[in-house]
$ cat model.cif   # mmCIF, N, CA and C atoms and all ligand atoms
data_input
loop_
_atom_site.label_atom_id
_atom_site.label_comp_id
_atom_site.auth_asym_id
_atom_site.auth_seq_id
_atom_site.Cartn_x
_atom_site.Cartn_y
_atom_site.Cartn_z
N MET A 12 -1.87 -14.01 -4.95
CA MET A 12 -0.97 -12.95 -4.49
C MET A 12 -0.30 -13.38 -3.19
N ASN A 13 0.92 -12.97 -3.02
CA ASN A 13 1.68 -13.21 -1.79
C ASN A 13 0.91 -12.67 -0.58
N GLU A 14 0.82 -13.50 0.47
CA GLU A 14 -0.02 -13.12 1.61
C GLU A 14 0.49 -11.86 2.32
N GLN A 15 1.81 -11.78 2.46
CA GLN A 15 2.42 -10.60 3.09
C GLN A 15 2.08 -9.33 2.31
N LEU A 16 2.06 -9.49 1.00
CA LEU A 16 1.78 -8.37 0.13
C LEU A 16 0.32 -7.93 0.28
N MET A 17 -0.57 -8.92 0.43
CA MET A 17 -1.98 -8.62 0.62
C MET A 17 -2.18 -7.84 1.92
N LEU A 18 -1.46 -8.26 2.96
CA LEU A 18 -1.55 -7.57 4.25
C LEU A 18 -1.05 -6.13 4.11
N LEU A 19 0.03 -5.99 3.33
CA LEU A 19 0.64 -4.68 3.15
C LEU A 19 -0.30 -3.73 2.40
N VAL A 20 -1.00 -4.25 1.41
CA VAL A 20 -1.97 -3.43 0.67
C VAL A 20 -3.09 -2.98 1.61
N ALA A 21 -3.54 -3.90 2.48
CA ALA A 21 -4.58 -3.55 3.45
C ALA A 21 -4.07 -2.50 4.43
N LEU A 22 -2.80 -2.64 4.83
CA LEU A 22 -2.19 -1.68 5.75
C LEU A 22 -2.14 -0.29 5.12
N GLN A 23 -1.78 -0.26 3.86
CA GLN A 23 -1.71 1.02 3.16
C GLN A 23 -3.09 1.68 3.09
N ASP A 24 -4.13 0.87 2.86
CA ASP A 24 -5.49 1.41 2.84
C ASP A 24 -5.84 2.03 4.18
N LEU A 25 -5.48 1.34 5.26
CA LEU A 25 -5.76 1.86 6.60
C LEU A 25 -4.99 3.16 6.84
N ASP A 26 -3.72 3.17 6.44
CA ASP A 26 -2.91 4.38 6.63
C ASP A 26 -3.52 5.55 5.88
N THR A 27 -4.02 5.28 4.67
CA THR A 27 -4.65 6.33 3.88
C THR A 27 -5.88 6.87 4.61
N MET A 28 -6.69 5.95 5.15
CA MET A 28 -7.90 6.37 5.87
C MET A 28 -7.55 7.19 7.12
N ILE A 29 -6.52 6.73 7.84
CA ILE A 29 -6.11 7.44 9.06
C ILE A 29 -5.63 8.85 8.70
N ARG A 30 -4.83 8.92 7.63
CA ARG A 30 -4.33 10.23 7.20
C ARG A 30 -5.48 11.15 6.81
N GLU A 31 -6.46 10.59 6.10
CA GLU A 31 -7.58 11.41 5.65
C GLU A 31 -8.42 11.94 6.80
N THR A 32 -8.55 11.15 7.86
CA THR A 32 -9.34 11.63 8.99
C THR A 32 -8.57 12.71 9.75
N GLN A 33 -7.24 12.73 9.57
CA GLN A 33 -6.44 13.76 10.26
C GLN A 33 -6.43 15.07 9.50
N ASP A 34 -6.73 15.00 8.22
CA ASP A 34 -6.74 16.18 7.38
C ASP A 34 -8.10 16.86 7.56
N LYS A 35 -8.10 18.07 8.14
CA LYS A 35 -9.35 18.72 8.55
C LYS A 35 -10.33 18.95 7.39
N VAL A 36 -9.81 19.48 6.29
CA VAL A 36 -10.68 19.76 5.14
C VAL A 36 -11.32 18.47 4.65
N HIS A 37 -10.48 17.47 4.51
CA HIS A 37 -10.97 16.19 4.02
C HIS A 37 -11.92 15.56 5.03
N ALA A 38 -11.60 15.71 6.32
CA ALA A 38 -12.43 15.13 7.37
C ALA A 38 -13.84 15.71 7.33
N THR A 39 -13.91 17.02 7.10
CA THR A 39 -15.23 17.67 7.01
C THR A 39 -16.01 17.10 5.84
N LYS A 40 -15.32 16.92 4.73
CA LYS A 40 -15.96 16.36 3.55
C LYS A 40 -16.49 14.95 3.85
N LEU A 41 -15.65 14.14 4.50
CA LEU A 41 -16.06 12.78 4.85
C LEU A 41 -17.26 12.79 5.79
N ALA A 42 -17.23 13.72 6.76
CA ALA A 42 -18.32 13.81 7.73
C ALA A 42 -19.63 14.18 7.01
N ASN A 43 -19.51 15.09 6.05
CA ASN A 43 -20.68 15.49 5.27
C ASN A 43 -21.23 14.33 4.45
N MET A 44 -20.34 13.43 4.08
CA MET A 44 -20.76 12.27 3.31
C MET A 44 -21.31 11.16 4.22
N GLY A 45 -21.28 11.42 5.52
CA GLY A 45 -21.88 10.47 6.45
C GLY A 45 -20.92 9.49 7.09
N PHE A 46 -19.60 9.70 6.92
CA PHE A 46 -18.64 8.81 7.56
C PHE A 46 -18.39 9.25 9.01
N ALA A 47 -18.44 8.32 9.92
CA ALA A 47 -18.20 8.63 11.32
C ALA A 47 -16.69 8.74 11.55
N LEU A 48 -16.26 9.87 12.08
CA LEU A 48 -14.83 10.06 12.26
C LEU A 48 -14.36 9.68 13.66
N GLU A 49 -15.30 9.35 14.53
CA GLU A 49 -14.90 8.91 15.87
C GLU A 49 -14.17 7.58 15.77
N GLY A 50 -14.30 6.93 14.61
CA GLY A 50 -13.72 5.60 14.43
C GLY A 50 -12.22 5.59 14.24
N VAL A 51 -11.58 6.76 14.34
CA VAL A 51 -10.14 6.80 14.04
C VAL A 51 -9.31 5.95 14.99
N ASP A 52 -9.74 5.85 16.25
CA ASP A 52 -9.03 4.99 17.20
C ASP A 52 -9.15 3.53 16.80
N ASP A 53 -10.33 3.16 16.30
CA ASP A 53 -10.53 1.80 15.80
C ASP A 53 -9.60 1.53 14.63
N LEU A 54 -9.47 2.53 13.77
CA LEU A 54 -8.58 2.39 12.61
C LEU A 54 -7.15 2.16 13.07
N ARG A 55 -6.74 2.95 14.06
CA ARG A 55 -5.38 2.82 14.59
C ARG A 55 -5.15 1.44 15.20
N ASN A 56 -6.14 0.96 15.95
CA ASN A 56 -6.01 -0.37 16.56
C ASN A 56 -5.90 -1.45 15.49
N ALA A 57 -6.74 -1.32 14.47
CA ALA A 57 -6.71 -2.29 13.37
C ALA A 57 -5.35 -2.24 12.68
N ARG A 58 -4.82 -1.03 12.56
CA ARG A 58 -3.52 -0.83 11.91
C ARG A 58 -2.41 -1.54 12.69
N GLU A 59 -2.44 -1.35 14.00
CA GLU A 59 -1.43 -1.98 14.85
C GLU A 59 -1.48 -3.50 14.75
N GLU A 60 -2.71 -4.01 14.76
CA GLU A 60 -2.90 -5.45 14.70
C GLU A 60 -2.37 -6.01 13.38
N LEU A 61 -2.71 -5.33 12.32
CA LEU A 61 -2.29 -5.74 10.98
C LEU A 61 -0.76 -5.66 10.87
N ALA A 62 -0.19 -4.58 11.36
CA ALA A 62 1.26 -4.39 11.27
C ALA A 62 1.99 -5.52 11.99
N GLY A 63 1.37 -6.06 13.05
CA GLY A 63 1.97 -7.14 13.80
C GLY A 63 2.09 -8.43 13.01
N SER A 64 1.29 -8.56 11.94
CA SER A 64 1.34 -9.78 11.13
C SER A 64 2.27 -9.66 9.94
N ILE A 65 2.86 -8.49 9.78
CA ILE A 65 3.75 -8.27 8.63
C ILE A 65 5.21 -8.38 9.07
N GLU A 66 6.01 -9.05 8.24
CA GLU A 66 7.44 -9.21 8.56
C GLU A 66 8.08 -7.85 8.79
N LYS A 67 8.90 -7.79 9.84
CA LYS A 67 9.50 -6.51 10.25
C LYS A 67 10.25 -5.82 9.12
N ALA A 68 11.07 -6.58 8.40
CA ALA A 68 11.89 -5.98 7.35
C ALA A 68 11.00 -5.36 6.26
N LEU A 69 9.93 -6.07 5.94
CA LEU A 69 9.02 -5.58 4.91
C LEU A 69 8.28 -4.33 5.39
N LEU A 70 7.87 -4.36 6.65
CA LEU A 70 7.17 -3.22 7.24
C LEU A 70 8.06 -1.98 7.27
N HIS A 71 9.33 -2.18 7.63
CA HIS A 71 10.27 -1.06 7.67
C HIS A 71 10.45 -0.47 6.29
N ARG A 72 10.57 -1.36 5.32
CA ARG A 72 10.75 -0.89 3.96
C ARG A 72 9.54 -0.07 3.52
N TYR A 73 8.36 -0.63 3.84
CA TYR A 73 7.11 0.07 3.49
C TYR A 73 7.09 1.47 4.13
N GLU A 74 7.46 1.54 5.40
CA GLU A 74 7.39 2.83 6.09
C GLU A 74 8.42 3.82 5.55
N ARG A 75 9.60 3.30 5.21
CA ARG A 75 10.63 4.17 4.64
C ARG A 75 10.16 4.75 3.31
N ILE A 76 9.64 3.89 2.46
CA ILE A 76 9.22 4.36 1.13
C ILE A 76 8.04 5.32 1.26
N SER A 77 7.08 5.00 2.14
CA SER A 77 5.90 5.86 2.20
C SER A 77 6.23 7.24 2.76
N GLN A 78 7.24 7.32 3.61
CA GLN A 78 7.65 8.64 4.11
C GLN A 78 8.26 9.47 2.99
N ARG A 79 8.99 8.78 2.13
CA ARG A 79 9.71 9.48 1.07
C ARG A 79 8.81 9.76 -0.14
N LEU A 80 7.98 8.80 -0.50
CA LEU A 80 7.27 8.89 -1.78
C LEU A 80 5.76 8.90 -1.66
N GLY A 81 5.22 8.79 -0.45
CA GLY A 81 3.77 8.72 -0.32
C GLY A 81 3.29 7.30 -0.45
N ARG A 82 2.70 6.98 -1.59
CA ARG A 82 2.19 5.63 -1.79
C ARG A 82 3.34 4.66 -2.02
N ALA A 83 3.44 3.66 -1.13
CA ALA A 83 4.60 2.75 -1.19
C ALA A 83 4.30 1.46 -1.94
N VAL A 84 3.06 1.03 -1.93
CA VAL A 84 2.70 -0.21 -2.60
C VAL A 84 1.82 0.14 -3.80
N VAL A 85 2.30 -0.19 -4.98
CA VAL A 85 1.57 0.21 -6.19
C VAL A 85 1.36 -0.99 -7.11
N PRO A 86 0.25 -0.98 -7.85
CA PRO A 86 0.03 -2.08 -8.79
C PRO A 86 0.86 -1.93 -10.07
N ILE A 87 1.06 -3.06 -10.72
CA ILE A 87 1.68 -3.05 -12.05
C ILE A 87 0.54 -3.05 -13.06
N THR A 88 0.56 -2.11 -13.96
CA THR A 88 -0.46 -2.08 -15.02
C THR A 88 0.25 -1.94 -16.36
N SER A 89 -0.11 -2.80 -17.29
CA SER A 89 0.55 -2.82 -18.62
C SER A 89 2.07 -2.86 -18.47
N ASN A 90 2.55 -3.69 -17.53
CA ASN A 90 3.98 -3.86 -17.29
C ASN A 90 4.70 -2.57 -16.91
N VAL A 91 3.95 -1.66 -16.29
CA VAL A 91 4.53 -0.39 -15.86
C VAL A 91 4.27 -0.23 -14.36
N CYS A 92 5.25 0.31 -13.63
CA CYS A 92 5.07 0.62 -12.21
C CYS A 92 4.18 1.84 -12.14
N LEU A 93 3.05 1.75 -11.43
CA LEU A 93 2.13 2.88 -11.38
C LEU A 93 2.62 3.99 -10.44
N GLY A 94 3.75 3.75 -9.76
CA GLY A 94 4.31 4.78 -8.91
C GLY A 94 5.12 5.78 -9.70
N CYS A 95 5.93 5.27 -10.63
CA CYS A 95 6.85 6.15 -11.37
C CYS A 95 6.76 5.98 -12.88
N PHE A 96 5.93 5.03 -13.32
CA PHE A 96 5.70 4.77 -14.74
C PHE A 96 6.91 4.21 -15.48
N ALA A 97 7.85 3.64 -14.74
CA ALA A 97 8.97 2.94 -15.38
C ALA A 97 8.48 1.55 -15.79
N VAL A 98 9.00 1.06 -16.91
CA VAL A 98 8.67 -0.28 -17.37
C VAL A 98 9.38 -1.29 -16.46
N ILE A 99 8.66 -2.31 -16.03
CA ILE A 99 9.25 -3.30 -15.13
C ILE A 99 10.02 -4.36 -15.93
N PRO A 100 11.01 -5.00 -15.31
CA PRO A 100 11.76 -6.04 -16.03
C PRO A 100 10.83 -7.17 -16.48
N THR A 101 11.07 -7.72 -17.66
CA THR A 101 10.19 -8.77 -18.19
C THR A 101 10.14 -9.98 -17.26
N ALA A 102 11.23 -10.25 -16.55
CA ALA A 102 11.25 -11.41 -15.65
C ALA A 102 10.15 -11.32 -14.59
N TYR A 103 9.73 -10.09 -14.25
CA TYR A 103 8.70 -9.91 -13.22
C TYR A 103 7.36 -10.50 -13.64
N THR A 104 7.17 -10.65 -14.95
CA THR A 104 5.86 -11.08 -15.42
C THR A 104 5.66 -12.59 -15.32
N SER A 105 6.73 -13.34 -15.00
CA SER A 105 6.57 -14.79 -14.90
C SER A 105 5.68 -15.15 -13.72
N MET A 106 4.93 -16.24 -13.88
CA MET A 106 3.98 -16.66 -12.84
C MET A 106 4.69 -16.87 -11.50
N GLU A 107 5.90 -17.40 -11.58
CA GLU A 107 6.66 -17.68 -10.37
C GLU A 107 6.95 -16.37 -9.62
N ASN A 108 7.33 -15.34 -10.35
CA ASN A 108 7.65 -14.07 -9.73
C ASN A 108 6.42 -13.34 -9.21
N ARG A 109 5.27 -13.67 -9.77
CA ARG A 109 4.05 -13.00 -9.32
C ARG A 109 3.71 -13.34 -7.88
N GLU A 110 4.25 -14.45 -7.41
CA GLU A 110 4.01 -14.85 -6.02
C GLU A 110 5.03 -14.25 -5.07
N LYS A 111 6.02 -13.56 -5.63
CA LYS A 111 7.07 -12.98 -4.79
C LYS A 111 6.80 -11.50 -4.57
N ILE A 112 7.54 -10.95 -3.61
CA ILE A 112 7.44 -9.51 -3.40
C ILE A 112 8.47 -8.85 -4.31
N LEU A 113 7.99 -7.99 -5.19
CA LEU A 113 8.85 -7.37 -6.18
C LEU A 113 8.99 -5.88 -5.88
N TYR A 114 10.14 -5.36 -6.24
CA TYR A 114 10.37 -3.92 -6.03
C TYR A 114 10.66 -3.26 -7.36
N CYS A 115 10.18 -2.05 -7.54
CA CYS A 115 10.48 -1.31 -8.77
C CYS A 115 11.97 -0.95 -8.76
N GLU A 116 12.64 -1.25 -9.87
CA GLU A 116 14.08 -0.97 -9.94
C GLU A 116 14.35 0.52 -10.04
N ASN A 117 13.36 1.26 -10.47
CA ASN A 117 13.54 2.70 -10.65
C ASN A 117 13.25 3.49 -9.37
N CYS A 118 12.08 3.28 -8.76
CA CYS A 118 11.70 4.10 -7.61
C CYS A 118 11.76 3.34 -6.29
N GLY A 119 11.90 2.01 -6.34
CA GLY A 119 12.01 1.23 -5.11
C GLY A 119 10.69 0.87 -4.47
N ARG A 120 9.57 1.31 -5.06
CA ARG A 120 8.26 0.97 -4.48
C ARG A 120 8.00 -0.53 -4.55
N ILE A 121 7.13 -0.98 -3.65
CA ILE A 121 6.74 -2.38 -3.60
C ILE A 121 5.63 -2.60 -4.62
N LEU A 122 5.81 -3.59 -5.47
CA LEU A 122 4.88 -3.79 -6.59
C LEU A 122 3.95 -4.96 -6.34
N TYR A 123 2.75 -4.89 -6.87
CA TYR A 123 1.88 -6.07 -6.88
C TYR A 123 1.09 -6.13 -8.17
N TRP A 124 0.73 -7.37 -8.51
CA TRP A 124 -0.10 -7.57 -9.70
C TRP A 124 -1.55 -7.49 -9.27
N PRO A 125 -2.33 -6.59 -9.87
CA PRO A 125 -3.75 -6.54 -9.51
C PRO A 125 -4.43 -7.86 -9.88
N ARG A 126 -5.48 -8.18 -9.18
CA ARG A 126 -6.22 -9.41 -9.45
C ARG A 126 -6.65 -9.48 -10.90
N GLY A 127 -6.56 -10.68 -11.45
CA GLY A 127 -7.07 -10.89 -12.79
C GLY A 127 -6.13 -10.46 -13.90
N THR A 128 -4.87 -10.13 -13.54
CA THR A 128 -3.92 -9.79 -14.62
C THR A 128 -2.80 -10.82 -14.67
ZN ZN A 201 8.55 2.67 -9.85
#
$ encode --input "model.cif" --output "structure tokens"
Amino acid sequence: MNEQLMLLVALQDLDTMIRETQDKVHATKLANMGFALEGVDDLRNAREELAGSIEKALLHRYERISQRLGRAVVPITSNVCLGCFAVIPTAYTSMENREKILYCENCGRILYWPRGT
């Protein structure tokens, strides 16, 4: 997988965690499950550090899409974008393209091939 894309997937995971700790109902649930919520500053620091390793243009695109659509980076499953369920162009399935950063032509989300596909 493209390294920038791997970083972006990790960034999205961190953003999800940060959002969840900000959501009171969810935070209570997490606390009951034994997750320490004091760690949110650590999450933010890790997020900043990670964001610094991602190309600016890609990061901006990610942030624009996530504001509009929520999840910005989605896997391709059965040649379908898991964000909007549109079928992806066949050219995307070539090994060469799997190393590139691909965008869904329908919803604009950033696509990645899950491991082992
Ligand atoms: Zn899509």
$ residues_near_ligand --input "model.cif" --ligand "ligand ZN 201 (chain A)" --cutoff "7 Å" --atoms "all atoms listed in the file" --output "mmCIF file with N, CA and C atoms, in the frame of the given file"
data_model
loop_
_atom_site.group_PDB
_atom_site.id
_atom_site.type_symbol
_atom_site.label_atom_id
_atom_site.label_comp_id
_atom_site.auth_asym_id
_atom_site.auth_seq_id
_atom_site.Cartn_x
_atom_site.Cartn_y
_atom_site.Cartn_z
ATOM 1 N N VAL A 91 3.950 -1.660 -16.290
ATOM 2 C CA VAL A 91 4.530 -0.390 -15.860
ATOM 3 C C VAL A 91 4.270 -0.230 -14.360
ATOM 4 N N CYS A 92 5.250 0.310 -13.630
ATOM 5 C CA CYS A 92 5.070 0.620 -12.210
ATOM 6 C C CYS A 92 4.180 1.840 -12.140
ATOM 7 N N LEU A 93 3.050 1.750 -11.430
ATOM 8 C CA LEU A 93 2.130 2.880 -11.380
ATOM 9 C C LEU A 93 2.620 3.990 -10.440
ATOM 10 N N GLY A 94 3.750 3.750 -9.760
ATOM 11 C CA GLY A 94 4.310 4.780 -8.910
ATOM 12 C C GLY A 94 5.120 5.780 -9.700
ATOM 13 N N CYS A 95 5.930 5.270 -10.630
ATOM 14 C CA CYS A 95 6.850 6.150 -11.370
ATOM 15 C C CYS A 95 6.760 5.980 -12.880
ATOM 16 N N PHE A 96 5.930 5.030 -13.320
ATOM 17 C CA PHE A 96 5.700 4.770 -14.740
ATOM 18 C C PHE A 96 6.910 4.210 -15.480
ATOM 19 N N ALA A 97 7.850 3.640 -14.740
ATOM 20 C CA ALA A 97 8.970 2.940 -15.380
ATOM 21 C C ALA A 97 8.480 1.550 -15.790
ATOM 22 N N TYR A 114 10.140 -5.360 -6.240
ATOM 23 C CA TYR A 114 10.370 -3.920 -6.030
ATOM 24 C C TYR A 114 10.660 -3.260 -7.360
ATOM 25 N N CYS A 115 10.180 -2.050 -7.540
ATOM 26 C CA CYS A 115 10.480 -1.310 -8.770
ATOM 27 C C CYS A 115 11.970 -0.950 -8.760
ATOM 28 N N GLU A 116 12.640 -1.250 -9.870
ATOM 29 C CA GLU A 116 14.080 -0.970 -9.940
ATOM 30 C C GLU A 116 14.350 0.520 -10.040
ATOM 31 N N ASN A 117 13.360 1.260 -10.470
ATOM 32 C CA ASN A 117 13.540 2.700 -10.650
ATOM 33 C C ASN A 117 13.250 3.490 -9.370
ATOM 34 N N CYS A 118 12.080 3.280 -8.760
ATOM 35 C CA CYS A 118 11.700 4.100 -7.610
ATOM 36 C C CYS A 118 11.760 3.340 -6.290
ATOM 37 N N GLY A 119 11.900 2.010 -6.340
ATOM 38 C CA GLY A 119 12.010 1.230 -5.110
ATOM 39 C C GLY A 119 10.690 0.870 -4.470
ATOM 40 N N ARG A 120 9.570 1.310 -5.060
ATOM 41 C CA ARG A 120 8.260 0.970 -4.480
ATOM 42 C C ARG A 120 8.000 -0.530 -4.550
#
$ atom_distance --input "model.cif" --atom1 "CA of Thr27 in chain A" --atom2 "atom C of Glu110 in chain A"
24.4 Å
$ atom_distance --input "model.cif" --atom1 "CA of Trp124 in chain A" --atom2 "CA of Pro86 in chain A"
5.6 Å
$ residues_around --input "model.cif" --residues "Thr32 in chain A" --least-positions-apart "6" --cutoff "8 Å" --atoms "only N, CA and C atoms" --output "list in words"
Asp26, Ala38, Thr39, Leu41, Leu48 and Val51 of chain A
$ select_by_dssp --input "model.cif" --residues "chain A" --states "alpha helix (DSSP H)" --output "NGL selection string"
:A and (14-33 or 35-43 or 51-62 or 67-80 or 106-109)
$ residues_around --input "model.cif" --residues "Ala102 in chain A" --least-positions-apart "5" --cutoff "12 Å" --atoms "only C-alpha atoms" --output "MDAnalysis selection string"
chainID A and resid 90 107:109 111 113
$ atom_distance --input "model.cif" --atom1 "atom N of Ala83 in chain A" --atom2 "CA of Asp24 in chain A"
10.0 Å
$ closest_residue --input "model.cif" --among "A:Met28, A:Val36, A:Val85, A:Leu22" --to "Pro125 in chain A" --atoms "all atoms listed in the file"
A:Val85
$ select_by_dssp --input "model.cif" --residues "chain A" --states "strand (DSSP E)" --output "list in words"
Val84, Val85, Pro86, Ile87, Thr88, Val91, Cys92, Leu113, Tyr114, Ile121, Leu122 and Tyr123 of chain A
$ closest_residue --input "model.cif" --among "A:Asp34, A:Lys40, A:Arg75, A:Gln15" --to "Gly63 in chain A" --atoms "only C-alpha atoms"
A:Gln15
$ closest_residue --input "model.cif" --among "A:Leu122, A:Arg55, A:Glu74, A:Met44" --to "Ile29 in chain A" --atoms "all atoms listed in the file"
A:Arg55
$ closest_residue --input "model.cif" --among "A:Ile76, A:Met106, A:Leu25, A:Ile112" --to "Leu54 in chain A" --atoms "only N, CA and C atoms"
A:Leu25
